[in-house]
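File shown: protein20.txt (compact mmCIF, C-alpha atoms and all ligand atoms).
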# COMPACT_ATOMS: atom_id res chain seq x y z
CA MET A 672 173.42 223.51 107.87
CA THR A 673 177.00 223.40 109.09
CA SER A 674 179.35 220.62 108.12
CA ILE A 675 179.02 218.74 111.45
CA THR A 676 175.26 218.54 111.10
CA SER A 677 175.33 217.57 107.44
CA LEU A 678 178.00 214.90 107.95
CA ASP A 679 176.01 213.47 110.85
CA LYS A 680 172.81 213.45 108.85
CA GLN A 681 174.54 211.69 105.97
CA TYR A 682 176.62 209.10 107.84
CA VAL A 683 175.29 208.53 111.36
CA ALA A 684 172.36 206.12 111.77
CA GLY A 685 169.20 208.14 112.11
CA THR A 686 168.14 206.73 115.48
CA TYR A 687 167.99 210.06 117.31
CA GLY A 688 165.78 213.10 116.91
CA ARG A 689 168.58 215.58 117.56
CA PHE A 690 168.15 219.26 118.45
CA PRO A 691 169.71 221.66 115.92
CA VAL A 692 172.65 222.28 118.27
CA GLU A 693 176.28 221.20 117.94
CA LEU A 694 177.87 221.07 121.37
CA VAL A 695 181.62 221.57 121.36
CA SER A 696 182.75 222.25 124.92
CA GLY A 697 181.62 222.83 128.44
CA SER A 698 182.70 223.78 131.91
CA GLY A 699 180.75 222.99 135.05
CA SER A 700 177.05 223.35 134.26
CA ILE A 701 177.63 225.47 131.15
CA ALA A 702 177.70 223.90 127.68
CA ARG A 703 178.85 225.77 124.55
CA ASP A 704 177.77 225.21 120.95
CA SER A 705 179.63 225.70 117.68
CA SER A 706 178.37 229.27 117.36
CA GLY A 707 179.71 230.16 120.80
CA LYS A 708 176.28 230.31 122.44
CA GLU A 709 176.24 229.18 126.07
CA TYR A 710 173.58 227.06 127.75
CA ILE A 711 172.82 226.09 131.33
CA ASP A 712 172.78 222.33 131.11
CA MET A 713 169.80 220.80 132.93
CA GLY A 714 170.14 217.45 131.15
CA THR A 715 173.81 216.43 131.66
CA GLY A 716 173.84 213.97 128.78
CA ILE A 717 170.84 212.20 130.39
CA GLY A 718 172.09 212.18 133.95
CA VAL A 719 175.69 211.25 133.08
CA THR A 720 177.99 214.24 133.63
CA CYS A 721 176.95 214.46 137.26
CA MET A 722 179.94 216.64 138.28
CA GLY A 723 179.53 218.92 135.27
CA TYR A 724 181.86 219.34 132.29
CA SER A 725 185.66 219.35 132.57
CA ASP A 726 185.51 219.21 136.35
CA PRO A 727 189.19 219.63 137.31
CA GLU A 728 189.28 216.92 139.98
CA TRP A 729 187.53 214.37 137.79
CA VAL A 730 189.67 215.25 134.75
CA LYS A 731 192.82 214.77 136.85
CA ALA A 732 191.67 211.38 138.15
CA VAL A 733 190.88 210.22 134.63
CA THR A 734 193.94 211.64 132.85
CA ASP A 735 196.35 210.40 135.54
CA GLN A 736 195.08 206.90 134.89
CA LEU A 737 194.99 207.45 131.13
CA SER A 738 198.71 208.18 131.06
CA LYS A 739 199.48 205.06 133.15
CA LEU A 740 197.38 202.25 131.68
CA GLN A 741 194.32 202.84 129.49
CA HIS A 742 193.15 199.25 129.30
CA THR A 743 194.05 195.70 130.06
CA SER A 744 191.96 192.58 129.69
CA ASN A 745 190.12 191.03 132.59
CA LEU A 746 192.84 188.37 132.66
CA TYR A 747 194.82 190.69 134.95
CA TYR A 748 194.16 192.61 138.17
CA THR A 749 194.01 196.42 138.10
CA GLU A 750 193.74 198.79 141.01
CA PRO A 751 190.93 201.18 139.92
CA CYS A 752 188.53 198.28 139.32
CA ALA A 753 189.24 196.65 142.69
CA ALA A 754 189.15 199.98 144.56
CA LEU A 755 185.85 200.99 142.94
CA ALA A 756 184.21 197.65 143.75
CA LYS A 757 185.31 198.02 147.39
CA VAL A 758 183.81 201.52 147.70
CA MET A 759 180.55 200.45 146.05
CA CYS A 760 180.17 197.44 148.36
CA GLU A 761 181.13 199.28 151.53
CA ARG A 762 178.71 202.12 150.86
CA THR A 763 175.74 199.94 149.90
CA GLY A 764 176.13 196.80 151.98
CA MET A 765 176.38 194.75 148.79
CA ALA A 766 179.02 192.01 148.50
CA LYS A 767 180.33 191.88 144.93
CA VAL A 768 180.26 193.91 141.71
CA PHE A 769 180.37 192.95 138.03
CA PHE A 770 181.48 195.77 135.73
CA SER A 771 180.24 196.38 132.19
CA ASN A 772 179.82 199.42 129.95
CA SER A 773 176.22 200.57 129.97
CA GLY A 774 172.88 200.43 131.72
CA ALA A 775 171.47 197.78 129.43
CA GLU A 776 174.47 195.53 130.06
CA ALA A 777 174.24 196.08 133.82
CA ASN A 778 170.60 194.94 133.60
CA GLU A 779 171.47 191.95 131.39
CA CYS A 780 173.90 190.81 134.07
CA ALA A 781 171.31 191.39 136.80
CA ILE A 782 168.83 189.21 134.91
CA LYS A 783 171.44 186.48 134.41
CA VAL A 784 172.23 186.43 138.14
CA ALA A 785 168.54 186.20 139.07
CA ARG A 786 167.87 183.45 136.53
CA LYS A 787 170.88 181.36 137.53
CA TYR A 788 170.14 181.74 141.25
CA SER A 789 166.53 180.68 140.71
CA ALA A 790 167.44 177.84 138.32
CA GLU A 791 169.82 176.47 140.95
CA THR A 792 167.45 176.85 143.89
CA LYS A 793 164.07 176.16 142.23
CA GLY A 794 164.78 174.40 138.94
CA ALA A 795 165.47 175.34 135.34
CA ASP A 796 161.79 176.10 134.66
CA CYS A 797 161.94 178.99 137.13
CA TYR A 798 163.02 181.74 134.74
CA THR A 799 160.27 184.39 134.56
CA ILE A 800 161.32 187.93 135.39
CA VAL A 801 158.54 190.28 136.50
CA THR A 802 158.94 193.96 135.67
CA LEU A 803 156.57 196.94 135.74
CA ARG A 804 154.45 198.46 133.04
CA ASN A 805 155.81 201.85 132.03
CA SER A 806 159.35 200.80 133.03
CA PHE A 807 162.51 201.30 131.00
CA HIS A 808 165.43 198.90 131.28
CA GLY A 809 167.39 199.27 128.03
CA ARG A 810 167.58 198.64 124.29
CA THR A 811 169.08 195.17 123.92
CA LEU A 812 166.56 192.50 122.98
CA THR A 813 166.47 191.17 126.55
CA THR A 814 166.25 194.53 128.32
CA LEU A 815 163.62 195.57 125.75
CA ALA A 816 161.65 192.50 126.82
CA ALA A 817 162.04 193.74 130.39
CA THR A 818 160.89 197.23 129.39
CA GLY A 819 157.15 197.50 130.01
CA GLN A 820 156.30 199.87 127.15
CA ASP A 821 154.94 198.24 123.99
CA HIS A 822 155.94 201.00 121.59
CA PHE A 823 159.62 200.08 122.09
CA HIS A 824 158.89 196.46 121.11
CA GLN A 825 157.14 196.88 117.78
CA LEU A 826 158.86 195.22 114.80
CA PHE A 827 161.69 193.86 116.99
CA THR A 828 159.89 190.70 118.09
CA PRO A 829 160.43 187.98 119.04
CA LEU A 830 162.14 189.40 122.12
CA THR A 831 163.77 187.25 124.80
CA PRO A 832 160.98 185.16 126.32
CA GLY A 833 160.25 184.90 130.05
CA PHE A 834 159.19 188.43 130.95
CA VAL A 835 155.87 189.44 132.53
CA HIS A 836 154.78 193.02 133.24
CA VAL A 837 152.56 194.14 136.12
CA SER A 838 151.21 197.55 137.09
CA ALA A 839 153.12 199.60 139.66
CA GLU A 840 151.40 200.12 143.02
CA ASP A 841 149.24 197.01 142.50
CA MET A 842 150.39 194.38 145.01
CA GLU A 843 147.43 192.15 144.21
CA GLU A 844 148.50 191.72 140.62
CA LEU A 845 152.11 191.04 141.59
CA SER A 846 151.08 188.51 144.26
CA ARG A 847 148.85 186.75 141.75
CA VAL A 848 151.68 186.45 139.20
CA VAL A 849 154.01 185.14 141.90
CA GLU A 850 151.40 182.51 142.87
CA GLU A 851 150.67 181.44 139.31
CA THR A 852 154.12 181.61 137.72
CA LYS A 853 157.58 180.40 138.69
CA VAL A 854 159.20 183.80 139.20
CA ALA A 855 163.00 184.06 139.02
CA GLY A 856 163.29 187.75 139.71
CA ILE A 857 161.39 191.01 140.24
CA MET A 858 162.96 194.08 138.66
CA LEU A 859 161.95 197.73 139.06
CA GLU A 860 163.09 201.35 139.13
CA CYS A 861 162.30 203.14 142.41
CA VAL A 862 161.70 206.26 140.33
CA GLN A 863 160.60 205.46 136.79
CA GLY A 864 162.73 207.75 134.62
CA GLU A 865 161.89 207.35 130.96
CA GLY A 866 158.34 206.46 132.04
CA GLY A 867 157.75 210.06 133.18
CA VAL A 868 159.79 210.60 136.39
CA ILE A 869 157.39 208.78 138.68
CA ALA A 870 158.55 207.92 142.21
CA LEU A 871 156.98 204.70 143.48
CA SER A 872 155.42 204.81 146.93
CA PRO A 873 157.40 203.58 149.96
CA GLU A 874 154.46 201.28 150.84
CA TYR A 875 154.62 199.57 147.48
CA ILE A 876 158.41 199.24 147.33
CA LYS A 877 158.50 197.83 150.87
CA ALA A 878 155.70 195.37 150.11
CA VAL A 879 157.49 194.18 146.97
CA ALA A 880 160.72 193.73 148.93
CA GLN A 881 158.88 191.74 151.61
CA LEU A 882 157.18 189.48 149.07
CA ALA A 883 160.50 188.87 147.30
CA LYS A 884 162.12 187.99 150.61
CA ASP A 885 159.28 185.68 151.69
CA LYS A 886 159.36 183.79 148.38
CA ASP A 887 163.17 183.85 148.00
CA ILE A 888 162.84 185.73 144.70
CA PRO A 889 165.83 187.95 143.89
CA LEU A 890 164.81 191.63 143.90
CA ILE A 891 166.61 193.66 141.24
CA ILE A 892 166.59 197.44 141.56
CA ASP A 893 167.48 199.24 138.33
CA GLU A 894 169.47 202.28 139.49
CA VAL A 895 170.85 203.14 136.07
CA GLN A 896 169.23 206.59 136.22
CA THR A 897 168.42 206.95 139.94
CA GLY A 898 171.84 205.89 141.22
CA ASN A 899 175.00 207.71 142.23
CA GLY A 900 173.48 210.58 144.17
CA ARG A 901 170.77 211.50 141.67
CA THR A 902 167.86 211.18 144.14
CA GLY A 903 169.68 212.71 147.12
CA ALA A 904 170.74 209.33 148.50
CA LEU A 905 173.74 207.42 147.15
CA TYR A 906 171.27 204.95 145.61
CA ALA A 907 167.51 205.47 145.49
CA PHE A 908 166.74 202.18 147.27
CA MET A 909 168.38 203.69 150.35
CA ASN A 910 165.55 206.24 150.50
CA TYR A 911 163.14 203.32 150.90
CA GLY A 912 164.97 201.35 153.59
CA ILE A 913 165.05 198.12 151.58
CA HIS A 914 167.87 195.66 150.90
CA PRO A 915 167.76 194.49 147.28
CA ASP A 916 169.57 191.35 146.15
CA ILE A 917 170.85 192.90 142.93
CA VAL A 918 171.37 196.57 141.99
CA SER A 919 172.29 197.73 138.49
CA THR A 920 173.68 201.16 137.76
CA ALA A 921 175.41 203.15 134.99
CA LYS A 922 174.69 206.70 133.66
CA GLY A 923 176.14 209.02 136.35
CA LEU A 924 178.53 206.45 137.78
CA GLY A 925 181.45 207.28 135.49
CA GLY A 926 180.81 211.03 135.44
CA GLY A 927 180.89 210.92 131.63
CA LEU A 928 182.79 207.74 130.80
CA PRO A 929 181.02 204.53 129.80
CA ILE A 930 180.60 202.15 132.71
CA GLY A 931 177.89 199.85 134.00
CA ALA A 932 177.89 197.96 137.29
CA THR A 933 175.81 195.15 138.74
CA MET A 934 176.03 194.88 142.51
CA MET A 935 175.19 191.59 144.19
CA SER A 936 174.21 191.00 147.81
CA ALA A 937 175.81 188.31 149.99
CA LYS A 938 173.00 185.92 149.05
CA VAL A 939 173.78 185.93 145.32
CA GLN A 940 177.42 186.99 145.35
CA ASN A 941 178.74 183.61 144.21
CA VAL A 942 176.06 182.83 141.64
CA LEU A 943 178.30 183.93 138.78
CA GLY A 944 181.42 181.83 138.50
CA PRO A 945 184.27 181.59 135.98
CA GLY A 946 182.91 181.79 132.43
CA ASP A 947 179.37 182.80 133.43
CA GLN A 948 179.73 186.44 132.45
CA GLY A 949 182.34 188.65 130.86
CA SER A 950 183.02 191.95 129.12
CA THR A 951 186.15 193.03 127.24
CA TYR A 952 185.92 196.63 128.43
CA GLY A 953 184.26 195.87 131.77
CA GLY A 954 186.24 197.30 134.68
CA ASN A 955 188.26 199.52 132.34
CA PRO A 956 190.79 201.36 134.53
CA VAL A 957 190.05 204.81 133.09
CA SER A 958 186.28 204.49 133.51
CA CYS A 959 186.78 203.06 137.01
CA SER A 960 189.07 205.97 137.97
CA GLY A 961 186.38 208.42 136.88
CA ALA A 962 183.75 206.50 138.84
CA LEU A 963 185.95 206.29 141.91
CA ASN A 964 186.36 210.07 141.86
CA VAL A 965 182.58 210.51 141.54
CA LEU A 966 181.71 208.12 144.38
CA ASN A 967 184.38 209.45 146.73
CA ARG A 968 182.89 212.92 146.40
CA LEU A 969 179.29 211.79 147.01
CA ASP A 970 179.59 212.02 150.80
CA GLN A 971 176.82 213.01 153.20
CA ASP A 972 177.51 216.76 152.85
CA PHE A 973 177.42 216.51 149.07
CA LEU A 974 174.15 214.54 149.15
CA GLU A 975 172.67 217.15 151.49
CA GLY A 976 173.53 219.71 148.80
CA VAL A 977 171.63 217.63 146.24
CA ARG A 978 168.57 217.54 148.51
CA GLN A 979 168.74 221.32 149.07
CA ARG A 980 168.93 222.01 145.34
CA SER A 981 166.02 219.63 144.84
CA GLN A 982 163.90 221.38 147.44
CA TYR A 983 164.63 224.70 145.79
CA VAL A 984 163.45 223.46 142.38
CA PHE A 985 160.31 221.78 143.72
CA GLU A 986 159.32 224.87 145.72
CA ALA A 987 160.02 227.24 142.84
CA LEU A 988 158.05 225.25 140.26
CA GLN A 989 155.15 223.77 142.22
CA GLY A 990 152.00 225.80 141.62
CA ALA A 991 153.73 228.15 139.16
CA LYS A 992 151.71 229.44 136.23
CA GLY A 993 151.45 226.92 133.39
CA ILE A 994 152.81 224.08 135.55
CA LYS A 995 150.39 221.31 136.47
CA SER A 996 152.61 219.16 138.65
CA VAL A 997 156.21 218.47 139.64
CA THR A 998 157.26 214.88 140.29
CA GLY A 999 160.39 212.89 141.00
CA MET A 1000 163.04 212.79 143.68
CA GLY A 1001 166.27 214.67 144.31
CA LEU A 1002 167.61 216.15 141.09
CA MET A 1003 165.55 213.81 138.93
CA ILE A 1004 162.55 216.00 138.25
CA GLY A 1005 159.53 215.77 135.94
CA ILE A 1006 157.34 218.78 135.15
CA GLU A 1007 153.85 218.40 133.75
CA THR A 1008 153.29 221.61 131.78
CA GLU A 1009 150.16 223.06 130.21
CA LYS A 1010 152.09 223.55 126.98
CA ALA A 1011 153.49 220.53 125.16
CA ALA A 1012 156.77 219.47 126.81
CA LYS A 1013 158.55 219.58 123.46
CA ASP A 1014 157.58 223.22 122.95
CA VAL A 1015 158.78 224.14 126.44
CA VAL A 1016 162.12 222.42 125.86
CA ASN A 1017 162.58 224.18 122.49
CA ALA A 1018 161.74 227.59 123.96
CA CYS A 1019 164.12 227.00 126.89
CA MET A 1020 166.87 226.04 124.44
CA GLU A 1021 166.35 229.29 122.54
CA ARG A 1022 166.92 231.11 125.82
CA GLY A 1023 169.99 229.15 126.76
CA VAL A 1024 168.69 226.33 128.97
CA LEU A 1025 168.97 222.68 127.92
CA CYS A 1026 166.19 220.43 129.28
CA LEU A 1027 164.98 216.91 128.49
CA THR A 1028 161.59 215.31 128.11
CA ALA A 1029 160.20 212.08 129.54
CA LYS A 1030 156.93 211.03 127.93
CA THR A 1031 154.64 214.09 128.29
CA LYS A 1032 156.83 215.85 130.85
CA VAL A 1033 159.77 218.20 130.85
CA ARG A 1034 162.57 216.34 132.64
CA LEU A 1035 165.47 217.91 134.54
CA LEU A 1036 168.66 216.02 135.41
CA PRO A 1037 171.15 218.81 136.23
CA ALA A 1038 174.67 218.26 137.51
CA LEU A 1039 174.55 217.28 141.19
CA ASN A 1040 176.91 220.18 141.98
CA ILE A 1041 175.22 222.83 139.80
CA PRO A 1042 175.88 226.25 141.37
CA MET A 1043 172.74 227.67 143.01
CA GLU A 1044 172.77 230.83 140.91
CA LEU A 1045 172.77 228.84 137.65
CA LEU A 1046 170.03 226.58 138.98
CA ALA A 1047 167.96 229.63 139.91
CA LYS A 1048 168.52 231.18 136.46
CA ALA A 1049 167.47 227.98 134.69
CA VAL A 1050 164.37 227.62 136.88
CA ASP A 1051 163.42 231.24 136.11
CA VAL A 1052 163.67 230.58 132.37
CA ILE A 1053 161.55 227.42 132.65
CA LYS A 1054 158.95 229.27 134.72
CA ALA A 1055 158.83 232.17 132.29
CA VAL A 1056 158.42 229.85 129.29
CA CYS A 1057 155.64 227.89 131.00
CA ALA A 1058 153.81 231.05 132.09
CA GLU A 1059 153.94 232.87 128.75
CA GLU A 1060 150.82 233.19 126.60
CA ASP A 1061 151.50 232.00 123.04
C1 LIG B 1 169.10 204.75 130.59
C2 LIG B 1 168.53 203.60 131.30
C3 LIG B 1 168.86 202.28 130.95
C4 LIG B 1 169.73 201.96 129.75
O1 LIG B 1 171.04 202.44 129.89
P1 LIG B 1 172.03 202.48 128.62
O2 LIG B 1 173.34 202.91 129.21
O3 LIG B 1 171.48 203.44 127.64
O4 LIG B 1 172.09 201.09 128.10
C5 LIG B 1 168.37 201.27 131.72
N1 LIG B 1 167.57 201.50 132.78
C6 LIG B 1 167.22 202.75 133.15
C7 LIG B 1 166.36 202.95 134.34
C8 LIG B 1 167.68 203.84 132.41
O5 LIG B 1 167.30 205.09 132.76
Take the structure from the file and write it as structure tokens.
Amino acid sequence: MTSITSLDKQYVAGTYGRFPVELVSGSGSIARDSSGKEYIDMGTGIGVTCMGYSDPEWVKAVTDQLSKLQHTSNLYYTEPCAALAKVMCERTGMAKVFFSNSGAEANECAIKVARKYSAETKGADCYTIVTLRNSFHGRTLTTLAATGQDHFHQLFTPLTPGFVHVSAEDMEELSRVVEETKVAGIMLECVQGEGGVIALSPEYIKAVAQLAKDKDIPLIIDEVQTGNGRTGALYAFMNYGIHPDIVSTAKGLGGGLPIGATMMSAKVQNVLGPGDQGSTYGGNPVSCSGALNVLNRLDQDFLEGVRQRSQYVFEALQGAKGIKSVTGMGLMIGIETEKAAKDVVNACMERGVLCLTAKTKVRLLPALNIPMELLAKAVDVIKAVCAEED
């Protein structure tokens, strides 16, 4: 064991099952470990470093801001925060943004907006948020309550009350809950990430959006993982032709710096007033400069490149030996393998390709600008590992 690993094991809370790899540097889609071994990175820190490592343009945007003003409180105006909010609203049709630091916080804010809107329009007893079974919305006690997977809940109860879970693709169940309960918000991921990279059907998403509109229930789309180009659209909801009331995002937004954002449509844009929400770091100028660089580069040509890379991966893996199915959207890809996903990921790592898992699947979240030849190499390694007899 090297000193980094032993120090970590001794002093860092044991919440993660880490791989026996110490990453020290990276460039583009290549990551390097402390022994000098190089890996093609198909995980990007769980969909975060969407432009790769030490991308020169992103580094310049961030370091220019870093040498000017690294932080101020939200008592003052700063340009990167205002400019980022403008770009996010103009490109999504949303009206206002609240900035925080993570996906869970972005979802907390989304839930607060939905609850306050519904309390004001329908009464204080209208507080129930409906989410989907198999969803993932974060690790705080409230976003855990929103998360529809019991194994995350055990021994942390009581969680925040007022959450009900329904099954995806079952409009009857959702309609019944909406009839029987005072519902303050409906929250879902268009592509369930941690739940196994499962894209919900357009019919279902459209029906949910229609029901929410008919009943004046705020629709919250959790784009923490699916957002910022990941699915080949700027935000996944755009693939479905719906207009959510609230959209949360984080992960890839900052390109590697902590940032969360909750976008609000015109209907709910003034629900939060002075004192209703806050965050010391929220809107941090360095994080916002990184995010602004990311979003400004995610133009139509760039997104077309994401879709082409996606098509390449789907075509290369579908029907390949040892691969049962390929799911997901854009560069958010789940692979059901005949071997255990964990074994595939470990074998790929041995051969210099870093992959993730999601439930029983191998999950890929490569950089959105991964060079085609690296993508092809990584796909070849994954195919070879899946095809091999033990
Ligand atoms: C990762 C994730 C979260 C939580 O984000 P954190 O930044 O870890 O708090 C919430 N929702 C979805 C869909 C996610 O994938």
Using all atoms listed in the file, which protein or nucleic acid residues are at most 8 Å from ligand LIG 1 (chain B), as a PDB file with C-alpha atoms, keeping the file's coordinate frame?
ATOM      1  CA  ILE A 717     170.840 212.200 130.390  1.00  0.00           C
ATOM      2  CA  ASN A 772     179.820 199.420 129.950  1.00  0.00           C
ATOM      3  CA  SER A 773     176.220 200.570 129.970  1.00  0.00           C
ATOM      4  CA  GLY A 774     172.880 200.430 131.720  1.00  0.00           C
ATOM      5  CA  ALA A 775     171.470 197.780 129.430  1.00  0.00           C
ATOM      6  CA  GLU A 776     174.470 195.530 130.060  1.00  0.00           C
ATOM      7  CA  ALA A 777     174.240 196.080 133.820  1.00  0.00           C
ATOM      8  CA  ASN A 778     170.600 194.940 133.600  1.00  0.00           C
ATOM      9  CA  SER A 806     159.350 200.800 133.030  1.00  0.00           C
ATOM     10  CA  PHE A 807     162.510 201.300 131.000  1.00  0.00           C
ATOM     11  CA  HIS A 808     165.430 198.900 131.280  1.00  0.00           C
ATOM     12  CA  GLY A 809     167.390 199.270 128.030  1.00  0.00           C
ATOM     13  CA  ARG A 810     167.580 198.640 124.290  1.00  0.00           C
ATOM     14  CA  THR A 811     169.080 195.170 123.920  1.00  0.00           C
ATOM     15  CA  THR A 814     166.250 194.530 128.320  1.00  0.00           C
ATOM     16  CA  GLU A 860     163.090 201.350 139.130  1.00  0.00           C
ATOM     17  CA  GLN A 863     160.600 205.460 136.790  1.00  0.00           C
ATOM     18  CA  GLY A 864     162.730 207.750 134.620  1.00  0.00           C
ATOM     19  CA  GLU A 865     161.890 207.350 130.960  1.00  0.00           C
ATOM     20  CA  ASP A 893     167.480 199.240 138.330  1.00  0.00           C
ATOM     21  CA  GLU A 894     169.470 202.280 139.490  1.00  0.00           C
ATOM     22  CA  VAL A 895     170.850 203.140 136.070  1.00  0.00           C
ATOM     23  CA  GLN A 896     169.230 206.590 136.220  1.00  0.00           C
ATOM     24  CA  THR A 897     168.420 206.950 139.940  1.00  0.00           C
ATOM     25  CA  THR A 920     173.680 201.160 137.760  1.00  0.00           C
ATOM     26  CA  ALA A 921     175.410 203.150 134.990  1.00  0.00           C
ATOM     27  CA  LYS A 922     174.690 206.700 133.660  1.00  0.00           C
ATOM     28  CA  PRO A 929     181.020 204.530 129.800  1.00  0.00           C
ATOM     29  CA  GLY A 931     177.890 199.850 134.000  1.00  0.00           C
TER      30      GLY A 931
END
Can you measure atom CA of Thr749 of chain A to atom CA of Tyr724 of chain A for me? One decimal in Å is fine. 26.6 Å
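Of note, atom CA of Arg978 of chain A and atom CA of Arg901 of chain A are spaced 9.4 Å apart.
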Pull the closest atom pair for each residue of segment 855-968 of chain A that gets at most 10 Å from segment 698-716 of chain A, along with the distance in Å to one decimal, counting only C-alpha atoms, ordering rows by chain and then ascending residue number, as a tab-separated table.
residue	atom	partner	partner_atom	distance
A:Lys922	CA	A:Gly716	CA	8.8
A:Gly923	CA	A:Thr715	CA	9.1
A:Gly926	CA	A:Thr715	CA	9.6
A:Gly927	CA	A:Gly716	CA	8.2
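A cut-off of 8 Å from the point (148.9, 227.2, 132.3), with only C-alpha atoms, picks out the residues Lys992, Gly993, Ile994, Lys995, Thr1008, Glu1009, Lys1010, Cys1057 and Ala1058 of chain A.
Relative to atom CA of Arg804 of chain A, atom CA of Gly685 of chain A is found at 27.4 Å.
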Quick one: everything within 6 Å of segment 1030-1036 of chain A, counting all atoms listed in the file, minus sequence neighbours fewer than 5 positions away in the same chain. Send it as a ChimeraX atom specification. /A:713-714,718,867,1002-1007,1012
Given 5 Å of margin on each side, can you work out the centre and size in Å (one decimal) of an axis-aligned box holding every listed atom of segment 750-760 of chain A, as AutoDock Vina command-line options?
--center_x 187.0 --center_y 199.1 --center_z 143.8 --size_x 23.6 --size_y 14.9 --size_z 19.0
Restricting the calculation to only C-alpha atoms: of A:Met759, A:Val848, A:Leu988, A:Ala932, which residue gets closest to Ala1055 of chain A? A:Leu988
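Restricting the calculation to only C-alpha atoms, the smallest distance between Ala987 of chain A and any of A:Leu1046, A:Ala756, A:Met1000, A:Ile1041 is found for A:Leu1046.
Of the residues under consideration (A:Gln681, A:Thr673, A:Ser960, A:Gln989), A:Ser960 shows the shortest atom-to-atom contact distance to Ala754 of chain A when counting only C-alpha atoms.
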Write out as a ChimeraX atom specification which residues come within 6 Å of segment 869-886 of chain A when counting all atoms listed in the file, dropping same-chain ones fewer than 3 positions away. /A:840,861-863,911,999
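Among the candidate residues A:Lys853, A:Cys752, A:Phe823, A:Lys938, the one lying nearest to Gly794 of chain A is A:Lys853, with distances computed using only C-alpha atoms.
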With all atoms listed in the file as the counted atoms, please give the residues lying no more than 12 Å from Val768 of chain A, apart from itself and same-chain residues fewer than 5 positions off, as a VMD selection string. chain A and resid 752 to 761 763 777 780 to 781 784 916 to 920 931 to 937 939 to 943 948 953 to 954
